[in-house]
Amino acid sequence: MGTTRQHEPSLVYTQEEAARLIHPQLAPSTMDRWRRQGTGPRFVRVGRRIAYTREALESWLAQQSRRHTTEKPSEPAVRARKKSR
């Protein structure tokens, strides 16, 4: 008797998959630009490939939430931008 496994979500997502998870029309090249600028989600390197964990994507999205258009970014996001300059 074998056990059947339900489909488990990936541990990591490619740049293309991560872009689609954030927004269906987000270009993977935008993820690349954000990564180079240090403003996008945290990523991991798997060999020569770039990957994103669901936790990193969810955390980054939570940091992007605002109550109004003039609200400043969350503190961790501000520090990350200052370091990359």
# chains A, B, ... in the order shown; residues from 1 in each chain; ligands from 1
$ closest_atom_pairs --of "segment 15-55 of chain A" --to "segment 60-74 of chain A" --cutoff "8 Å" --atoms "only C-alpha atoms" --output "Markdown table"
| residue | atom | partner | partner_atom | distance |
| --- | --- | --- | --- | --- |
| A:Ile22 | CA | A:Leu61 | CA | 7.9 |
| A:Gly40 | CA | A:Trp60 | CA | 7.2 |
| A:Pro41 | CA | A:Trp60 | CA | 5.2 |
| A:Arg42 | CA | A:Trp60 | CA | 7.6 |
$ write_last_selection --atoms "N, CA and C atoms" --output "tab-separated table (two decimals), in the first residue's frame"
chain	number	residue	atom	x	y	z
A	22	ILE	N	3.66	37.52	-7.35
A	22	ILE	CA	3.48	38.88	-6.87
A	22	ILE	C	2.35	39.56	-7.64
A	40	GLY	N	13.96	44.61	-3.84
A	40	GLY	CA	13.00	43.53	-3.99
A	40	GLY	C	13.05	42.53	-2.85
A	41	PRO	N	12.34	41.43	-3.01
A	41	PRO	CA	12.33	40.39	-1.98
A	41	PRO	C	13.72	39.76	-1.81
A	42	ARG	N	13.98	39.23	-0.62
A	42	ARG	CA	15.22	38.50	-0.39
A	42	ARG	C	15.23	37.29	-1.31
$ closest_atom_pairs --of "segment 14-33 of chain A" --to "segment 46-58 of chain A" --cutoff "7 Å" --atoms "only C-alpha atoms" --output "tab-separated table"
residue	atom	partner	partner_atom	distance
A:Thr14	CA	A:Ala51	CA	4.9
A:Gln15	CA	A:Ala51	CA	6.2
A:Ala18	CA	A:Tyr52	CA	6.6
